[in-house]
file entry-v5.pdb (PDB, C-alpha atoms)
ATOM      1  CA  MET A   1     112.163 103.614 128.303  1.00  0.00           C
ATOM      2  CA  GLY A   2     109.319 101.104 128.151  1.00  0.00           C
ATOM      3  CA  ASP A   3     106.030 101.610 126.410  1.00  0.00           C
ATOM      4  CA  SER A   4     105.121 105.287 126.381  1.00  0.00           C
ATOM      5  CA  LYS A   5     101.782 106.517 127.666  1.00  0.00           C
ATOM      6  CA  VAL A   6      99.759 107.518 124.581  1.00  0.00           C
ATOM      7  CA  ILE A   7      96.840 109.902 125.056  1.00  0.00           C
ATOM      8  CA  GLU A   8      94.317 109.886 122.189  1.00  0.00           C
ATOM      9  CA  THR A   9      91.973 112.774 121.417  1.00  0.00           C
ATOM     10  CA  SER A  10      89.835 113.365 118.346  1.00  0.00           C
ATOM     11  CA  GLU A  11      88.825 116.241 116.134  1.00  0.00           C
ATOM     12  CA  GLY A  12      87.880 113.866 113.328  1.00  0.00           C
ATOM     13  CA  ARG A  13      85.690 115.031 110.520  1.00  0.00           C
ATOM     14  CA  GLN A  14      82.847 112.563 110.042  1.00  0.00           C
ATOM     15  CA  ASN A  15      81.821 113.403 106.492  1.00  0.00           C
ATOM     16  CA  GLU A  16      83.102 115.188 103.412  1.00  0.00           C
ATOM     17  CA  GLU A  17      80.814 118.215 103.935  1.00  0.00           C
ATOM     18  CA  GLN A  18      82.379 118.943 107.309  1.00  0.00           C
ATOM     19  CA  ALA A  19      85.897 118.634 105.910  1.00  0.00           C
ATOM     20  CA  GLU A  20      85.090 121.109 103.131  1.00  0.00           C
ATOM     21  CA  GLU A  21      83.626 123.580 105.634  1.00  0.00           C
ATOM     22  CA  ALA A  22      86.605 123.361 107.985  1.00  0.00           C
ATOM     23  CA  THR A  23      88.213 126.579 109.036  1.00  0.00           C
ATOM     24  CA  GLY A  24      91.930 127.198 109.001  1.00  0.00           C
ATOM     25  CA  MET A  25      94.000 125.863 111.880  1.00  0.00           C
ATOM     26  CA  ILE A  26      97.512 126.118 113.222  1.00  0.00           C
ATOM     27  CA  THR A  27      98.518 122.467 113.171  1.00  0.00           C
ATOM     28  CA  VAL A  28     101.361 122.725 115.677  1.00  0.00           C
ATOM     29  CA  GLU A  29      98.906 124.162 118.256  1.00  0.00           C
ATOM     30  CA  LEU A  30      96.403 121.276 118.020  1.00  0.00           C
ATOM     31  CA  VAL A  31      98.201 119.213 120.679  1.00  0.00           C
ATOM     32  CA  GLU A  32      99.976 120.225 123.856  1.00  0.00           C
ATOM     33  CA  TYR A  33     102.868 118.522 125.568  1.00  0.00           C
ATOM     34  CA  VAL A  34     102.069 116.250 128.515  1.00  0.00           C
ATOM     35  CA  PRO A  35     104.897 115.164 130.824  1.00  0.00           C
ATOM     36  CA  ASP A  36     106.127 111.616 130.128  1.00  0.00           C
ATOM     37  CA  ALA A  37     103.552 111.034 127.381  1.00  0.00           C
ATOM     38  CA  ILE A  38     102.712 111.076 123.701  1.00  0.00           C
ATOM     39  CA  VAL A  39      99.519 112.964 122.815  1.00  0.00           C
ATOM     40  CA  ARG A  40      97.824 112.083 119.536  1.00  0.00           C
ATOM     41  CA  LYS A  41      94.872 113.955 118.007  1.00  0.00           C
ATOM     42  CA  THR A  42      93.026 112.754 114.935  1.00  0.00           C
ATOM     43  CA  ILE A  43      92.357 115.608 112.516  1.00  0.00           C
ATOM     44  CA  ILE A  44      90.482 113.587 109.897  1.00  0.00           C
ATOM     45  CA  LYS A  45      89.614 109.904 109.657  1.00  0.00           C
ATOM     46  CA  LYS A  46      88.045 108.166 106.672  1.00  0.00           C
ATOM     47  CA  SER A  47      87.915 104.598 105.418  1.00  0.00           C
ATOM     48  CA  SER A  48      90.603 105.685 102.911  1.00  0.00           C
ATOM     49  CA  GLY A  49      93.038 106.903 105.573  1.00  0.00           C
ATOM     50  CA  TYR A  50      93.639 109.370 108.355  1.00  0.00           C
ATOM     51  CA  VAL A  51      95.708 112.354 109.473  1.00  0.00           C
ATOM     52  CA  THR A  52      96.921 112.801 113.045  1.00  0.00           C
ATOM     53  CA  VAL A  53      99.098 115.285 114.878  1.00  0.00           C
ATOM     54  CA  SER A  54     101.139 114.094 117.857  1.00  0.00           C
ATOM     55  CA  SER A  55     103.294 115.623 120.563  1.00  0.00           C
ATOM     56  CA  PHE A  56     106.106 113.684 122.222  1.00  0.00           C
ATOM     57  CA  ASP A  57     107.605 114.710 125.538  1.00  0.00           C
ATOM     58  CA  THR A  58     111.402 114.562 125.851  1.00  0.00           C
ATOM     59  CA  ASP A  59     112.829 111.085 125.153  1.00  0.00           C
ATOM     60  CA  GLU A  60     109.419 109.472 124.513  1.00  0.00           C
ATOM     61  CA  ILE A  61     109.441 106.509 122.124  1.00  0.00           C
ATOM     62  CA  LEU A  62     106.666 105.106 119.966  1.00  0.00           C
ATOM     63  CA  THR A  63     107.706 101.470 120.183  1.00  0.00           C
ATOM     64  CA  GLU A  64     108.380  99.271 117.175  1.00  0.00           C
ATOM     65  CA  ARG A  65     105.369  98.561 115.012  1.00  0.00           C
ATOM     66  CA  ILE A  66     104.420  97.617 111.469  1.00  0.00           C
ATOM     67  CA  SER A  67     101.706  99.338 109.442  1.00  0.00           C
ATOM     68  CA  PRO A  68     100.013  97.633 106.492  1.00  0.00           C
ATOM     69  CA  PHE A  69      99.937 101.032 104.746  1.00  0.00           C
ATOM     70  CA  PRO A  70     102.577 103.621 103.790  1.00  0.00           C
ATOM     71  CA  THR A  71     102.865 106.428 106.340  1.00  0.00           C
ATOM     72  CA  PHE A  72     104.005 109.994 105.683  1.00  0.00           C
ATOM     73  CA  ILE A  73     105.596 111.704 108.698  1.00  0.00           C
ATOM     74  CA  GLN A  74     106.475 115.420 108.844  1.00  0.00           C
ATOM     75  CA  LEU A  75     108.118 117.024 111.869  1.00  0.00           C
ATOM     76  CA  ILE A  76     106.365 120.281 112.694  1.00  0.00           C
ATOM     77  CA  GLU A  77     108.330 121.066 115.873  1.00  0.00           C
ATOM     78  CA  GLY A  78     111.580 119.733 117.302  1.00  0.00           C
ATOM     79  CA  ASN A  79     113.742 116.843 116.084  1.00  0.00           C
ATOM     80  CA  ALA A  80     113.358 113.062 116.011  1.00  0.00           C
ATOM     81  CA  GLU A  81     114.939 109.786 115.078  1.00  0.00           C
ATOM     82  CA  ILE A  82     112.792 107.582 112.848  1.00  0.00           C
ATOM     83  CA  ILE A  83     114.107 104.029 112.614  1.00  0.00           C
ATOM     84  CA  ILE A  84     112.794 102.146 109.574  1.00  0.00           C
ATOM     85  CA  ALA A  85     113.757  98.489 109.119  1.00  0.00           C
ATOM     86  CA  HIS A  86     116.516  99.027 111.712  1.00  0.00           C
ATOM     87  CA  LYS A  87     118.010 101.983 109.760  1.00  0.00           C
ATOM     88  CA  SER A  88     118.223 105.281 111.648  1.00  0.00           C
ATOM     89  CA  ASN A  89     116.971 108.500 110.024  1.00  0.00           C
ATOM     90  CA  ARG A  90     117.451 111.846 111.826  1.00  0.00           C
ATOM     91  CA  LEU A  91     114.769 114.399 111.028  1.00  0.00           C
ATOM     92  CA  LEU A  92     114.833 118.100 111.847  1.00  0.00           C
ATOM     93  CA  CYS A  93     111.819 120.377 112.130  1.00  0.00           C
ATOM     94  CA  GLY A  94     110.194 120.750 108.715  1.00  0.00           C
ATOM     95  CA  GLN A  95     111.654 117.544 107.310  1.00  0.00           C
ATOM     96  CA  SER A  96     109.562 114.523 106.366  1.00  0.00           C
ATOM     97  CA  ILE A  97     109.895 110.841 105.542  1.00  0.00           C
ATOM     98  CA  ILE A  98     107.750 108.068 104.085  1.00  0.00           C
ATOM     99  CA  ILE A  99     107.623 104.825 106.026  1.00  0.00           C
ATOM    100  CA  PRO A 100     106.920 102.039 103.527  1.00  0.00           C
ATOM    101  CA  ALA A 101     104.074  99.615 104.223  1.00  0.00           C
ATOM    102  CA  HIS A 102     104.998  96.429 106.088  1.00  0.00           C
ATOM    103  CA  GLN A 103     108.282  97.842 107.463  1.00  0.00           C
ATOM    104  CA  THR A 104     109.163  97.936 111.143  1.00  0.00           C
ATOM    105  CA  HIS A 105     109.513 101.447 112.486  1.00  0.00           C
ATOM    106  CA  VAL A 106     110.200 103.278 115.731  1.00  0.00           C
ATOM    107  CA  VAL A 107     109.762 106.999 116.464  1.00  0.00           C
ATOM    108  CA  LYS A 108     112.047 108.560 119.097  1.00  0.00           C
ATOM    109  CA  ALA A 109     111.827 112.161 120.255  1.00  0.00           C
ATOM    110  CA  ASP A 110     115.074 114.129 120.541  1.00  0.00           C
ATOM    111  CA  GLY A 111     113.686 116.527 123.136  1.00  0.00           C
ATOM    112  CA  ARG A 112     110.090 117.645 122.824  1.00  0.00           C
ATOM    113  CA  MET A 113     108.688 117.340 119.314  1.00  0.00           C
ATOM    114  CA  LYS A 114     105.489 117.328 117.301  1.00  0.00           C
ATOM    115  CA  LEU A 115     104.714 115.511 114.069  1.00  0.00           C
ATOM    116  CA  LEU A 116     102.007 115.225 111.459  1.00  0.00           C
ATOM    117  CA  GLN A 117     101.211 111.700 110.276  1.00  0.00           C
ATOM    118  CA  THR A 118      99.238 110.834 107.144  1.00  0.00           C
ATOM    119  CA  VAL A 119      98.214 107.265 106.310  1.00  0.00           C
ATOM    120  CA  ILE A 120      96.583 106.481 102.962  1.00  0.00           C
ATOM    121  CA  LYS A 121      94.775 103.166 102.756  1.00  0.00           C
ATOM    122  CA  GLY A 122      94.009 101.742  99.362  1.00  0.00           C
ATOM    123  CA  PRO A 123      94.732  99.058  96.837  1.00  0.00           C
ATOM    124  CA  LYS A 124      98.291  97.898  96.391  1.00  0.00           C
ATOM    125  CA  ASP A 125     100.206  99.946  93.821  1.00  0.00           C
TER
END
call {"tool": "encode", "arguments": {"input": "entry-v5.pdb", "output": "structure tokens"}}
result
Amino acid sequence: MGDSKVIETSEGRQNEEQAEEATGMITVELVEYVPDAIVRKTIIKKSSGYVTVSSFDTDEILTERISPFPTFIQLIEGNAEIIIAHKSNRLLCGQSIIIPAHQTHVVKADGRMKLLQTVIKGPKD
């Protein structure tokens, strides 16, 4: 497949007071599946990082990219292949992985799947 269609939505919290007042949510229900697309919803976005939840339709691929920050990925529905620096990692629902900063990575859905992504920006450790 070529570049996947990515649909962005936002539920971002704009300040700390809103985040503290947030009500409980069922993360896996925050995004729906869209045929032949990846849907991404921002849950919280700050200068220090962000959290998103994404749904991938069957066989959708988030093409190779490099992030300047470490990225934590947790599968919350379905299965996926996460390729980091050309090394394949198979993840099942409930499993997670950390993508190191400055490493190439690709996310491939094995059927429909949803994931939670957390990126923490900050000084180098």
call {"tool": "residues_around", "arguments": {"input": "entry-v5.pdb", "residues": "Ser47 in chain A", "least_positions_apart": "6", "cutoff": "10 Å", "atoms": "all atoms listed in the file", "output": "list of chain:residue names"}}
result
A:Ile120, A:Lys121, A:Gly122
call {"tool": "residues_around", "arguments": {"input": "entry-v5.pdb", "residues": "Leu75 in chain A", "least_positions_apart": "2", "cutoff": "10 Å", "atoms": "only C-alpha atoms", "output": "CSV table (one decimal) with C-alpha atoms, keeping the file's coordinate frame"}}
result
chain,number,residue,atom,x,y,z
A,28,VAL,CA,101.4,122.7,115.7
A,53,VAL,CA,99.1,115.3,114.9
A,54,SER,CA,101.1,114.1,117.9
A,73,ILE,CA,105.6,111.7,108.7
A,77,GLU,CA,108.3,121.1,115.9
A,78,GLY,CA,111.6,119.7,117.3
A,79,ASN,CA,113.7,116.8,116.1
A,80,ALA,CA,113.4,113.1,116.0
A,91,LEU,CA,114.8,114.4,111.0
A,92,LEU,CA,114.8,118.1,111.8
A,93,CYS,CA,111.8,120.4,112.1
A,94,GLY,CA,110.2,120.8,108.7
A,95,GLN,CA,111.7,117.5,107.3
A,96,SER,CA,109.6,114.5,106.4
A,97,ILE,CA,109.9,110.8,105.5
A,113,MET,CA,108.7,117.3,119.3
A,114,LYS,CA,105.5,117.3,117.3
A,115,LEU,CA,104.7,115.5,114.1
A,116,LEU,CA,102.0,115.2,111.5
A,117,GLN,CA,101.2,111.7,110.3
call {"tool": "atom_distance", "arguments": {"input": "entry-v5.pdb", "atom1": "CA of Lys45 in chain A", "atom2": "CA of Thr58 in chain A"}}
result
27.5 Å
call {"tool": "closest_residue", "arguments": {"input": "entry-v5.pdb", "among": "A:Ile76, A:Leu62, A:Ala85, A:Leu30", "to": "Lys5 in chain A", "atoms": "all atoms listed in the file"}}
result
A:Leu62
call {"tool": "closest_residue", "arguments": {"input": "entry-v5.pdb", "among": "A:Ile82, A:Ile7, A:Val39, A:Met25", "to": "Ala109 in chain A", "atoms": "all atoms listed in the file"}}
result
A:Ile82
call {"tool": "atom_distance", "arguments": {"input": "entry-v5.pdb", "atom1": "CA of Asp36 in chain A", "atom2": "CA of Thr63 in chain A"}}
result
14.3 Å
call {"tool": "closest_residue", "arguments": {"input": "entry-v5.pdb", "among": "A:Val106, A:Glu8, A:Ala101, A:Arg65", "to": "Thr42 in chain A", "atoms": "all atoms listed in the file"}}
result
A:Glu8
call {"tool": "closest_residue", "arguments": {"input": "entry-v5.pdb", "among": "A:His86, A:Lys41, A:Lys46, A:His102", "to": "Pro70 in chain A", "atoms": "all atoms listed in the file"}}
result
A:His102
call {"tool": "decode", "arguments": {"input": "entry-v5.pdb", "residues": "range 90-105 of chain A", "atoms": "all heavy atoms", "output": "PDB file, in the first residue's frame"}}
result
ATOM      1  N   ARG A  90       6.425  -7.973  16.582  1.00  0.00           N
ATOM      2  CA  ARG A  90       4.994  -8.295  16.538  1.00  0.00           C
ATOM      3  C   ARG A  90       4.389  -8.002  17.905  1.00  0.00           C
ATOM      4  O   ARG A  90       4.879  -8.500  18.917  1.00  0.00           O
ATOM      5  CB  ARG A  90       4.783  -9.763  16.197  1.00  0.00           C
ATOM      6  CG  ARG A  90       5.228 -10.108  14.820  1.00  0.00           C
ATOM      7  CD  ARG A  90       4.071 -10.020  13.877  1.00  0.00           C
ATOM      8  NE  ARG A  90       4.524 -10.273  12.520  1.00  0.00           N
ATOM      9  CZ  ARG A  90       3.887  -9.842  11.470  1.00  0.00           C
ATOM     10  NH1 ARG A  90       2.791  -9.147  11.610  1.00  0.00           N
ATOM     11  NH2 ARG A  90       4.329 -10.098  10.265  1.00  0.00           N
ATOM     12  N   LEU A  91       3.355  -7.182  17.919  1.00  0.00           N
ATOM     13  CA  LEU A  91       2.682  -6.851  19.167  1.00  0.00           C
ATOM     14  C   LEU A  91       1.249  -7.354  19.133  1.00  0.00           C
ATOM     15  O   LEU A  91       0.562  -7.218  18.113  1.00  0.00           O
ATOM     16  CB  LEU A  91       2.675  -5.341  19.405  1.00  0.00           C
ATOM     17  CG  LEU A  91       3.843  -4.767  20.198  1.00  0.00           C
ATOM     18  CD1 LEU A  91       5.135  -4.906  19.441  1.00  0.00           C
ATOM     19  CD2 LEU A  91       3.576  -3.334  20.561  1.00  0.00           C
ATOM     20  N   LEU A  92       0.817  -7.921  20.249  1.00  0.00           N
ATOM     21  CA  LEU A  92      -0.555  -8.365  20.432  1.00  0.00           C
ATOM     22  C   LEU A  92      -1.281  -7.358  21.308  1.00  0.00           C
ATOM     23  O   LEU A  92      -0.647  -6.569  22.028  1.00  0.00           O
ATOM     24  CB  LEU A  92      -0.576  -9.744  21.091  1.00  0.00           C
ATOM     25  CG  LEU A  92       0.225 -10.843  20.390  1.00  0.00           C
ATOM     26  CD1 LEU A  92       0.202 -12.131  21.202  1.00  0.00           C
ATOM     27  CD2 LEU A  92      -0.288 -11.066  18.975  1.00  0.00           C
ATOM     28  N   CYS A  93      -2.592  -7.406  21.300  1.00  0.00           N
ATOM     29  CA  CYS A  93      -3.389  -6.497  22.113  1.00  0.00           C
ATOM     30  C   CYS A  93      -2.900  -6.509  23.561  1.00  0.00           C
ATOM     31  O   CYS A  93      -2.665  -7.567  24.143  1.00  0.00           O
ATOM     32  CB  CYS A  93      -4.856  -6.903  22.051  1.00  0.00           C
ATOM     33  SG  CYS A  93      -5.942  -5.779  22.944  1.00  0.00           S
ATOM     34  N   GLY A  94      -2.693  -5.325  24.106  1.00  0.00           N
ATOM     35  CA  GLY A  94      -2.215  -5.190  25.483  1.00  0.00           C
ATOM     36  C   GLY A  94      -0.713  -5.051  25.594  1.00  0.00           C
ATOM     37  O   GLY A  94      -0.208  -4.621  26.625  1.00  0.00           O
ATOM     38  N   GLN A  95       0.014  -5.405  24.551  1.00  0.00           N
ATOM     39  CA  GLN A  95       1.472  -5.276  24.596  1.00  0.00           C
ATOM     40  C   GLN A  95       1.888  -3.865  24.189  1.00  0.00           C
ATOM     41  O   GLN A  95       1.141  -3.125  23.551  1.00  0.00           O
ATOM     42  CB  GLN A  95       2.134  -6.297  23.676  1.00  0.00           C
ATOM     43  CG  GLN A  95       1.955  -7.721  24.163  1.00  0.00           C
ATOM     44  CD  GLN A  95       2.684  -8.716  23.281  1.00  0.00           C
ATOM     45  OE1 GLN A  95       2.622  -8.658  22.066  1.00  0.00           O
ATOM     46  NE2 GLN A  95       3.378  -9.653  23.932  1.00  0.00           N
ATOM     47  N   SER A  96       3.114  -3.505  24.561  1.00  0.00           N
ATOM     48  CA  SER A  96       3.626  -2.170  24.272  1.00  0.00           C
ATOM     49  C   SER A  96       5.091  -2.233  23.886  1.00  0.00           C
ATOM     50  O   SER A  96       5.754  -3.257  24.080  1.00  0.00           O
ATOM     51  CB  SER A  96       3.436  -1.253  25.484  1.00  0.00           C
ATOM     52  OG  SER A  96       4.079  -1.796  26.619  1.00  0.00           O
ATOM     53  N   ILE A  97       5.579  -1.118  23.346  1.00  0.00           N
ATOM     54  CA  ILE A  97       6.977  -1.027  22.928  1.00  0.00           C
ATOM     55  C   ILE A  97       7.393   0.436  22.978  1.00  0.00           C
ATOM     56  O   ILE A  97       6.556   1.338  22.823  1.00  0.00           O
ATOM     57  CB  ILE A  97       7.171  -1.616  21.512  1.00  0.00           C
ATOM     58  CG1 ILE A  97       8.654  -1.846  21.215  1.00  0.00           C
ATOM     59  CG2 ILE A  97       6.497  -0.743  20.451  1.00  0.00           C
ATOM     60  CD1 ILE A  97       8.883  -2.748  19.999  1.00  0.00           C
ATOM     61  N   ILE A  98       8.678   0.666  23.209  1.00  0.00           N
ATOM     62  CA  ILE A  98       9.224   2.025  23.165  1.00  0.00           C
ATOM     63  C   ILE A  98      10.050   2.149  21.899  1.00  0.00           C
ATOM     64  O   ILE A  98      10.958   1.351  21.657  1.00  0.00           O
ATOM     65  CB  ILE A  98      10.084   2.332  24.401  1.00  0.00           C
ATOM     66  CG1 ILE A  98       9.208   2.295  25.659  1.00  0.00           C
ATOM     67  CG2 ILE A  98      10.780   3.693  24.244  1.00  0.00           C
ATOM     68  CD1 ILE A  98       9.973   2.406  26.953  1.00  0.00           C
ATOM     69  N   ILE A  99       9.726   3.145  21.100  1.00  0.00           N
ATOM     70  CA  ILE A  99      10.503   3.447  19.903  1.00  0.00           C
ATOM     71  C   ILE A  99      11.521   4.510  20.310  1.00  0.00           C
ATOM     72  O   ILE A  99      11.142   5.614  20.707  1.00  0.00           O
ATOM     73  CB  ILE A  99       9.604   3.977  18.770  1.00  0.00           C
ATOM     74  CG1 ILE A  99       8.527   2.936  18.415  1.00  0.00           C
ATOM     75  CG2 ILE A  99      10.443   4.345  17.550  1.00  0.00           C
ATOM     76  CD1 ILE A  99       7.446   3.457  17.486  1.00  0.00           C
ATOM     77  N   PRO A 100      12.809   4.188  20.242  1.00  0.00           N
ATOM     78  CA  PRO A 100      13.818   5.168  20.644  1.00  0.00           C
ATOM     79  C   PRO A 100      13.805   6.397  19.730  1.00  0.00           C
ATOM     80  O   PRO A 100      13.441   6.310  18.557  1.00  0.00           O
ATOM     81  CB  PRO A 100      15.143   4.409  20.493  1.00  0.00           C
ATOM     82  CG  PRO A 100      14.775   2.959  20.471  1.00  0.00           C
ATOM     83  CD  PRO A 100      13.408   2.904  19.853  1.00  0.00           C
ATOM     84  N   ALA A 101      14.214   7.522  20.269  1.00  0.00           N
ATOM     85  CA  ALA A 101      14.336   8.749  19.473  1.00  0.00           C
ATOM     86  C   ALA A 101      15.317   8.511  18.329  1.00  0.00           C
ATOM     87  O   ALA A 101      16.252   7.720  18.447  1.00  0.00           O
ATOM     88  CB  ALA A 101      14.829   9.892  20.351  1.00  0.00           C
ATOM     89  N   HIS A 102      15.066   9.171  17.224  1.00  0.00           N
ATOM     90  CA  HIS A 102      15.951   9.181  16.054  1.00  0.00           C
ATOM     91  C   HIS A 102      16.084   7.826  15.366  1.00  0.00           C
ATOM     92  O   HIS A 102      17.059   7.590  14.668  1.00  0.00           O
ATOM     93  CB  HIS A 102      17.334   9.740  16.415  1.00  0.00           C
ATOM     94  CG  HIS A 102      17.267  11.039  17.124  1.00  0.00           C
ATOM     95  ND1 HIS A 102      16.859  12.200  16.519  1.00  0.00           N
ATOM     96  CD2 HIS A 102      17.528  11.361  18.416  1.00  0.00           C
ATOM     97  CE1 HIS A 102      16.876  13.195  17.404  1.00  0.00           C
ATOM     98  NE2 HIS A 102      17.274  12.705  18.561  1.00  0.00           N
ATOM     99  N   GLN A 103      15.124   6.925  15.569  1.00  0.00           N
ATOM    100  CA  GLN A 103      15.137   5.622  14.898  1.00  0.00           C
ATOM    101  C   GLN A 103      14.012   5.583  13.858  1.00  0.00           C
ATOM    102  O   GLN A 103      12.909   6.057  14.123  1.00  0.00           O
ATOM    103  CB  GLN A 103      14.917   4.485  15.897  1.00  0.00           C
ATOM    104  CG  GLN A 103      16.039   4.301  16.878  1.00  0.00           C
ATOM    105  CD  GLN A 103      17.298   3.777  16.203  1.00  0.00           C
ATOM    106  OE1 GLN A 103      17.268   2.834  15.428  1.00  0.00           O
ATOM    107  NE2 GLN A 103      18.410   4.419  16.501  1.00  0.00           N
ATOM    108  N   THR A 104      14.291   4.993  12.708  1.00  0.00           N
ATOM    109  CA  THR A 104      13.222   4.816  11.734  1.00  0.00           C
ATOM    110  C   THR A 104      12.213   3.828  12.295  1.00  0.00           C
ATOM    111  O   THR A 104      12.575   2.899  13.027  1.00  0.00           O
ATOM    112  CB  THR A 104      13.763   4.282  10.389  1.00  0.00           C
ATOM    113  OG1 THR A 104      14.366   3.016  10.617  1.00  0.00           O
ATOM    114  CG2 THR A 104      14.754   5.245   9.768  1.00  0.00           C
ATOM    115  N   HIS A 105      10.943   4.059  11.973  1.00  0.00           N
ATOM    116  CA  HIS A 105       9.917   3.119  12.403  1.00  0.00           C
ATOM    117  C   HIS A 105       8.721   3.154  11.457  1.00  0.00           C
ATOM    118  O   HIS A 105       8.450   4.159  10.814  1.00  0.00           O
ATOM    119  CB  HIS A 105       9.479   3.368  13.850  1.00  0.00           C
ATOM    120  CG  HIS A 105       8.890   4.720  14.090  1.00  0.00           C
ATOM    121  ND1 HIS A 105       9.674   5.832  14.285  1.00  0.00           N
ATOM    122  CD2 HIS A 105       7.611   5.133  14.151  1.00  0.00           C
ATOM    123  CE1 HIS A 105       8.892   6.881  14.477  1.00  0.00           C
ATOM    124  NE2 HIS A 105       7.633   6.489  14.389  1.00  0.00           N
TER     125      HIS A 105
END
